[in-house]
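Colleague: The following block contains the structure, expressed as structure tokens.
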Amino acid sequence: MKKTIVIVDDHVLIAKALEGIIGNFNEFEVIYVCENGKDLIDKFENNSQIPDIVLLDISMPIMDGFETAAWLTQNHPGIQVMALSMQGDDNSVIKMIKNGAKGYLLKNTHPKDLEIALTKLNSEGFFYPEWASKIIFSNLNKDKEMESAVRISDREREFLKYTVTELSYKEIADRMCCSPRTVESYRDQLCDKLDLKTRVGLAVFAIKNGFAG
């Protein structure tokens with residue numbers, strides 16, 4: 001079964017072009033297009049199908065991508081949010097990640113790279129190209145991280161070691177001899193302590209602070 005996608009973009013031509021491009025992908029399909037975050041919420045409240053992935057523009061009237069990502073994270077945490085924008089500055093990338101986006105692409109991305117990004121987002125739970133990863137590394141506040149690291153338990157340290165791998169949460173649970181639910185609790189506790197919202201944020205923290213070795 002194909003993974004379902006909703007495109008949220010106020011530029012109709014761009015949204016329709018994306019819909020056509022994704023229509024050629026084997027594993028994904030666009031189920032509808034929204035003009036902004038408010039339009040998306042209205043469709044959800046009117047019982048439209050809830051997608052697996054939301055491709056989200058940032059600059060939109062009425063309700064922009066930052067607000068929409070935060071709303072989706074709070075109300076539909078199971079949806080994977082991929083930012084797809086013309087904006088690639090540090091502030092936009094970091095703010096979208098903090099608001100729960102699990103991926104970030106620029107609109108000049110080649111269609112093949114878009115398909116690869118969606119595939120990795122679906123299989124690994126996140127996808128950031130190299131340029132976005134560099135922004136994440138350079139903007140993490142290490143002092144705050146180290147202060148929080150003092151309160152990290154041994155089991156949380158063990159979990160951090162696995163965040164930098166390609167193992168799924170179920171596979172991590174097998175390695176740690178516990179249930180997937182317990183692994184999810186480690187993830188949630190660490191995200192709360194470190195003020196992070198994505199696995200890639202945890203992985204970056206693990207690498208910078210020596211937990212990944």
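Residue numbers start at 1 in each chain; chains themselves are named A, B, ... in the order of the structure tokens; ligands are numbered from 1 in the order shown.
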Write out as a VMD selection string the residues lying within 12 Å of Asp192 in chain A, counting only C-alpha atoms and excluding same-chain residues fewer than 2 positions away.

Modeller: chain A and resid 98 145 148 151 to 152 185 to 190 194 to 198 201 to 202

Colleague: I need the residues from that last selection saved to file as a CSV table (one decimal), in the first residue's frame (with all heavy atoms), if you can.

Modeller:
chain,number,residue,atom,x,y,z
A,98,LYS,N,12.5,22.5,15.7
A,98,LYS,CA,12.0,22.6,17.0
A,98,LYS,C,10.5,22.4,17.0
A,98,LYS,O,9.9,22.0,18.0
A,98,LYS,CB,12.4,24.0,17.6
A,98,LYS,CG,13.9,24.1,18.0
A,98,LYS,CD,14.2,25.4,18.6
A,98,LYS,CE,15.6,25.4,19.1
A,98,LYS,NZ,15.9,26.8,19.7
A,145,GLU,N,23.3,21.4,26.5
A,145,GLU,CA,23.3,20.0,26.3
A,145,GLU,C,24.1,19.3,27.4
A,145,GLU,O,23.7,18.3,28.0
A,145,GLU,CB,23.9,19.6,25.0
A,145,GLU,CG,23.0,20.0,23.8
A,145,GLU,CD,23.7,19.9,22.5
A,145,GLU,OE1,24.9,19.6,22.5
A,145,GLU,OE2,23.1,20.0,21.5
A,148,SER,N,22.3,19.3,30.7
A,148,SER,CA,21.3,18.3,30.7
A,148,SER,C,21.8,16.9,30.8
A,148,SER,O,21.2,16.0,31.3
A,148,SER,CB,20.4,18.4,29.4
A,148,SER,OG,19.8,19.7,29.4
A,151,ARG,N,22.0,14.6,33.9
A,151,ARG,CA,20.8,13.9,34.4
A,151,ARG,C,20.4,12.7,33.5
A,151,ARG,O,19.3,12.2,33.7
A,151,ARG,CB,19.7,14.9,34.4
A,151,ARG,CG,20.0,16.2,35.3
A,151,ARG,CD,18.7,17.0,35.5
A,151,ARG,NE,18.1,17.4,34.3
A,151,ARG,CZ,18.3,18.5,33.7
A,151,ARG,NH1,19.3,19.3,34.1
A,151,ARG,NH2,17.7,18.8,32.6
A,152,ILE,N,21.3,12.3,32.6
A,152,ILE,CA,20.9,11.2,31.7
A,152,ILE,C,21.3,9.9,32.4
A,152,ILE,O,22.4,9.7,32.8
A,152,ILE,CB,21.6,11.3,30.4
A,152,ILE,CG1,21.1,12.6,29.6
A,152,ILE,CG2,21.5,10.1,29.5
A,152,ILE,CD1,21.9,12.9,28.3
A,185,SER,N,9.7,5.5,25.6
A,185,SER,CA,9.7,6.3,26.8
A,185,SER,C,11.1,6.9,27.0
A,185,SER,O,11.2,8.1,27.4
A,185,SER,CB,9.3,5.5,28.0
A,185,SER,OG,10.4,4.6,28.4
A,186,TYR,N,12.2,6.2,26.6
A,186,TYR,CA,13.5,6.8,26.7
A,186,TYR,C,13.6,8.0,25.7
A,186,TYR,O,14.2,9.0,26.1
A,186,TYR,CB,14.6,5.7,26.3
A,186,TYR,CG,14.7,4.6,27.3
A,186,TYR,CD1,15.0,3.3,26.9
A,186,TYR,CD2,14.6,4.8,28.7
A,186,TYR,CE1,15.2,2.3,27.8
A,186,TYR,CE2,14.7,3.8,29.6
A,186,TYR,CZ,15.0,2.5,29.1
A,186,TYR,OH,15.1,1.5,30.0
A,187,ARG,N,13.1,7.8,24.5
A,187,ARG,CA,13.1,8.8,23.5
A,187,ARG,C,12.4,10.1,24.0
A,187,ARG,O,12.9,11.2,24.0
A,187,ARG,CB,12.5,8.3,22.2
A,187,ARG,CG,12.3,9.4,21.1
A,187,ARG,CD,11.3,9.0,20.1
A,187,ARG,NE,10.0,8.9,20.7
A,187,ARG,CZ,9.0,8.2,20.2
A,187,ARG,NH1,9.1,7.5,19.1
A,187,ARG,NH2,7.8,8.2,20.8
A,188,ASP,N,11.2,9.9,24.5
A,188,ASP,CA,10.4,11.0,25.0
A,188,ASP,C,11.0,11.7,26.2
A,188,ASP,O,11.0,13.0,26.2
A,188,ASP,CB,9.0,10.5,25.4
A,188,ASP,CG,8.2,10.0,24.2
A,188,ASP,OD1,8.6,10.3,23.0
A,188,ASP,OD2,7.2,9.2,24.4
A,189,GLN,N,11.6,11.0,27.1
A,189,GLN,CA,12.2,11.6,28.3
A,189,GLN,C,13.4,12.4,27.8
A,189,GLN,O,13.6,13.5,28.4
A,189,GLN,CB,12.7,10.5,29.3
A,189,GLN,CG,11.5,9.8,30.0
A,189,GLN,CD,11.9,8.5,30.6
A,189,GLN,OE1,13.1,8.2,30.8
A,189,GLN,NE2,10.9,7.7,31.0
A,190,LEU,N,14.2,11.9,26.9
A,190,LEU,CA,15.4,12.6,26.5
A,190,LEU,C,15.0,13.8,25.7
A,190,LEU,O,15.6,14.9,25.8
A,190,LEU,CB,16.3,11.7,25.6
A,190,LEU,CG,17.1,10.7,26.4
A,190,LEU,CD1,17.7,9.6,25.4
A,190,LEU,CD2,18.2,11.3,27.1
A,194,LEU,N,16.2,17.5,26.8
A,194,LEU,CA,17.2,18.3,25.9
A,194,LEU,C,16.4,19.3,25.0
A,194,LEU,O,17.1,19.9,24.2
A,194,LEU,CB,17.9,17.3,25.0
A,194,LEU,CG,18.7,16.2,25.8
A,194,LEU,CD1,19.2,15.2,24.8
A,194,LEU,CD2,19.8,16.8,26.5
A,195,ASP,N,15.1,19.4,25.2
A,195,ASP,CA,14.3,20.3,24.4
A,195,ASP,C,14.5,20.0,22.9
A,195,ASP,O,14.7,20.9,22.1
A,195,ASP,CB,14.7,21.8,24.7
A,195,ASP,CG,13.7,22.7,24.1
A,195,ASP,OD1,12.5,22.4,23.9
A,195,ASP,OD2,14.0,23.9,23.8
A,196,LEU,N,14.4,18.7,22.5
A,196,LEU,CA,14.5,18.3,21.2
A,196,LEU,C,13.2,17.6,20.8
A,196,LEU,O,12.5,17.1,21.6
A,196,LEU,CB,15.7,17.3,21.0
A,196,LEU,CG,17.1,17.9,21.3
A,196,LEU,CD1,18.1,16.8,21.3
A,196,LEU,CD2,17.5,19.0,20.2
A,197,LYS,N,13.0,17.4,19.5
A,197,LYS,CA,11.7,16.8,19.0
A,197,LYS,C,11.9,15.7,18.0
A,197,LYS,O,11.0,15.1,17.6
A,197,LYS,CB,10.8,17.9,18.5
A,197,LYS,CG,10.3,18.9,19.6
A,197,LYS,CD,9.2,19.8,19.1
A,197,LYS,CE,8.8,20.7,20.2
A,197,LYS,NZ,7.7,21.7,19.7
A,198,THR,N,13.2,15.5,17.5
A,198,THR,CA,13.4,14.5,16.5
A,198,THR,C,14.5,13.6,16.8
A,198,THR,O,15.4,14.0,17.6
A,198,THR,CB,13.7,15.2,15.1
A,198,THR,OG1,14.9,15.9,15.2
A,198,THR,CG2,12.5,16.2,14.8
A,201,GLY,N,17.9,15.1,16.1
A,201,GLY,CA,18.4,16.0,17.1
A,201,GLY,C,19.1,15.2,18.2
A,201,GLY,O,20.2,15.6,18.7
A,202,LEU,N,18.5,14.1,18.6
A,202,LEU,CA,19.1,13.2,19.6
A,202,LEU,C,20.4,12.6,19.1
A,202,LEU,O,21.4,12.5,19.8
A,202,LEU,CB,18.1,12.1,19.9
A,202,LEU,CG,16.9,12.4,20.7
A,202,LEU,CD1,15.9,11.3,20.8
A,202,LEU,CD2,17.3,13.0,22.1

Colleague: Determine which residues of chain A receive a DSSP assignment of strand (DSSP E), computed from the backbone, and state them as a list in words.

Modeller: Lys3, Thr4, Ile5, Val6, Ile7, Val8, Phe28, Glu29, Val30, Ile31, Tyr32, Val33, Cys34, Ile53, Val54, Leu55, Leu56, Gln80, Val81, Met82, Ala83, Leu84, Ser85, Gly103, Tyr104, Leu105 and Leu106 of chain A

Colleague: Can I get the selected residues back with N, CA and C atoms, as a PDB file, in the first residue's frame?

Modeller:
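Contents of the output file out02.pdb:
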ATOM      1  N   LYS A   3       2.204   5.036   0.688  1.00  0.00           N
ATOM      2  CA  LYS A   3       2.127   6.010   1.752  1.00  0.00           C
ATOM      3  C   LYS A   3       1.437   7.269   1.230  1.00  0.00           C
ATOM      4  N   THR A   4       0.550   7.808   2.042  1.00  0.00           N
ATOM      5  CA  THR A   4      -0.246   8.957   1.593  1.00  0.00           C
ATOM      6  C   THR A   4       0.407  10.272   1.986  1.00  0.00           C
ATOM      7  N   ILE A   5       0.286  11.255   1.097  1.00  0.00           N
ATOM      8  CA  ILE A   5       0.913  12.561   1.287  1.00  0.00           C
ATOM      9  C   ILE A   5      -0.118  13.661   1.072  1.00  0.00           C
ATOM     10  N   VAL A   6      -0.040  14.703   1.893  1.00  0.00           N
ATOM     11  CA  VAL A   6      -0.783  15.937   1.663  1.00  0.00           C
ATOM     12  C   VAL A   6       0.229  17.051   1.454  1.00  0.00           C
ATOM     13  N   ILE A   7       0.030  17.861   0.440  1.00  0.00           N
ATOM     14  CA  ILE A   7       0.887  19.003   0.146  1.00  0.00           C
ATOM     15  C   ILE A   7       0.210  20.259   0.676  1.00  0.00           C
ATOM     16  N   VAL A   8       0.951  21.064   1.445  1.00  0.00           N
ATOM     17  CA  VAL A   8       0.423  22.327   1.958  1.00  0.00           C
ATOM     18  C   VAL A   8       1.291  23.455   1.400  1.00  0.00           C
ATOM     19  N   PHE A  28       4.461   6.268  -3.112  1.00  0.00           N
ATOM     20  CA  PHE A  28       3.778   7.403  -2.506  1.00  0.00           C
ATOM     21  C   PHE A  28       2.664   7.915  -3.418  1.00  0.00           C
ATOM     22  N   GLU A  29       1.645   8.533  -2.785  1.00  0.00           N
ATOM     23  CA  GLU A  29       0.579   9.164  -3.543  1.00  0.00           C
ATOM     24  C   GLU A  29       0.065  10.382  -2.785  1.00  0.00           C
ATOM     25  N   VAL A  30      -0.295  11.425  -3.526  1.00  0.00           N
ATOM     26  CA  VAL A  30      -0.872  12.634  -2.938  1.00  0.00           C
ATOM     27  C   VAL A  30      -2.381  12.464  -2.889  1.00  0.00           C
ATOM     28  N   ILE A  31      -2.956  12.651  -1.696  1.00  0.00           N
ATOM     29  CA  ILE A  31      -4.407  12.462  -1.567  1.00  0.00           C
ATOM     30  C   ILE A  31      -5.173  13.779  -1.655  1.00  0.00           C
ATOM     31  N   TYR A  32      -4.528  14.906  -1.296  1.00  0.00           N
ATOM     32  CA  TYR A  32      -5.116  16.221  -1.546  1.00  0.00           C
ATOM     33  C   TYR A  32      -4.084  17.306  -1.275  1.00  0.00           C
ATOM     34  N   VAL A  33      -4.451  18.534  -1.682  1.00  0.00           N
ATOM     35  CA  VAL A  33      -3.564  19.691  -1.562  1.00  0.00           C
ATOM     36  C   VAL A  33      -4.273  20.768  -0.743  1.00  0.00           C
ATOM     37  N   CYS A  34      -3.523  21.455   0.136  1.00  0.00           N
ATOM     38  CA  CYS A  34      -4.076  22.542   0.946  1.00  0.00           C
ATOM     39  C   CYS A  34      -3.303  23.829   0.678  1.00  0.00           C
ATOM     40  N   ILE A  53       2.264  11.513   5.575  1.00  0.00           N
ATOM     41  CA  ILE A  53       3.290  12.551   5.446  1.00  0.00           C
ATOM     42  C   ILE A  53       2.639  13.861   5.020  1.00  0.00           C
ATOM     43  N   VAL A  54       3.132  14.968   5.568  1.00  0.00           N
ATOM     44  CA  VAL A  54       2.729  16.298   5.105  1.00  0.00           C
ATOM     45  C   VAL A  54       3.957  17.009   4.549  1.00  0.00           C
ATOM     46  N   LEU A  55       3.896  17.381   3.278  1.00  0.00           N
ATOM     47  CA  LEU A  55       4.927  18.217   2.664  1.00  0.00           C
ATOM     48  C   LEU A  55       4.512  19.662   2.889  1.00  0.00           C
ATOM     49  N   LEU A  56       5.314  20.400   3.639  1.00  0.00           N
ATOM     50  CA  LEU A  56       4.863  21.674   4.193  1.00  0.00           C
ATOM     51  C   LEU A  56       5.740  22.847   3.767  1.00  0.00           C
ATOM     52  N   GLN A  80       4.383  12.409   9.694  1.00  0.00           N
ATOM     53  CA  GLN A  80       5.754  12.851   9.461  1.00  0.00           C
ATOM     54  C   GLN A  80       5.735  14.137   8.629  1.00  0.00           C
ATOM     55  N   VAL A  81       6.309  15.191   9.175  1.00  0.00           N
ATOM     56  CA  VAL A  81       6.310  16.495   8.514  1.00  0.00           C
ATOM     57  C   VAL A  81       7.632  16.721   7.804  1.00  0.00           C
ATOM     58  N   MET A  82       7.565  16.985   6.503  1.00  0.00           N
ATOM     59  CA  MET A  82       8.742  17.326   5.707  1.00  0.00           C
ATOM     60  C   MET A  82       8.591  18.760   5.209  1.00  0.00           C
ATOM     61  N   ALA A  83       9.459  19.650   5.664  1.00  0.00           N
ATOM     62  CA  ALA A  83       9.445  21.022   5.158  1.00  0.00           C
ATOM     63  C   ALA A  83       9.977  21.030   3.729  1.00  0.00           C
ATOM     64  N   LEU A  84       9.288  21.745   2.863  1.00  0.00           N
ATOM     65  CA  LEU A  84       9.726  21.888   1.476  1.00  0.00           C
ATOM     66  C   LEU A  84       9.570  23.353   1.121  1.00  0.00           C
ATOM     67  N   SER A  85      10.679  24.088   1.132  1.00  0.00           N
ATOM     68  CA  SER A  85      10.607  25.542   1.101  1.00  0.00           C
ATOM     69  C   SER A  85      11.704  26.151   0.250  1.00  0.00           C
ATOM     70  N   GLY A 103      12.030  16.424   8.496  1.00  0.00           N
ATOM     71  CA  GLY A 103      12.818  16.520   7.279  1.00  0.00           C
ATOM     72  C   GLY A 103      12.764  17.931   6.742  1.00  0.00           C
ATOM     73  N   TYR A 104      13.739  18.272   5.899  1.00  0.00           N
ATOM     74  CA  TYR A 104      13.793  19.630   5.352  1.00  0.00           C
ATOM     75  C   TYR A 104      14.442  19.584   3.974  1.00  0.00           C
ATOM     76  N   LEU A 105      13.731  20.055   2.969  1.00  0.00           N
ATOM     77  CA  LEU A 105      14.245  20.121   1.608  1.00  0.00           C
ATOM     78  C   LEU A 105      13.981  21.500   1.014  1.00  0.00           C
ATOM     79  N   LEU A 106      14.813  21.867   0.056  1.00  0.00           N
ATOM     80  CA  LEU A 106      14.574  23.087  -0.706  1.00  0.00           C
ATOM     81  C   LEU A 106      13.769  22.765  -1.955  1.00  0.00           C
TER      82      LEU A 106
END

Colleague: So how far away is CA of Trp71 in chain A from CA of Thr182 in chain A, in Å?

Modeller: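 That distance, rounded to one decimal, is 25.8 Å.
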
Colleague: One decimal, Å: what's the distance from CA of Val93 in chain A over to CA of Glu115 in chain A, could you say?

Modeller: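 For CA of Val93 in chain A relative to CA of Glu115 in chain A, the distance reads 20.3 Å.
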
Colleague: As a VMD selection string, list the residues of range 55-158 of chain A assigned to helix (DSSP H, G or I) by DSSP on the backbone atoms of this structure.

Modeller: chain A and resid 65 to 75 90 to 98 111 to 124 130 to 139 142 to 149 154 to 158

Colleague: Which residue out of A:Asn209, A:Glu27, A:Ile97, A:Glu156 has the minimum interatomic distance to Phe127 in chain A when only C-alpha atoms are used?

Modeller: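 Smallest separation from Phe127 in chain A among the options: A:Ile97.
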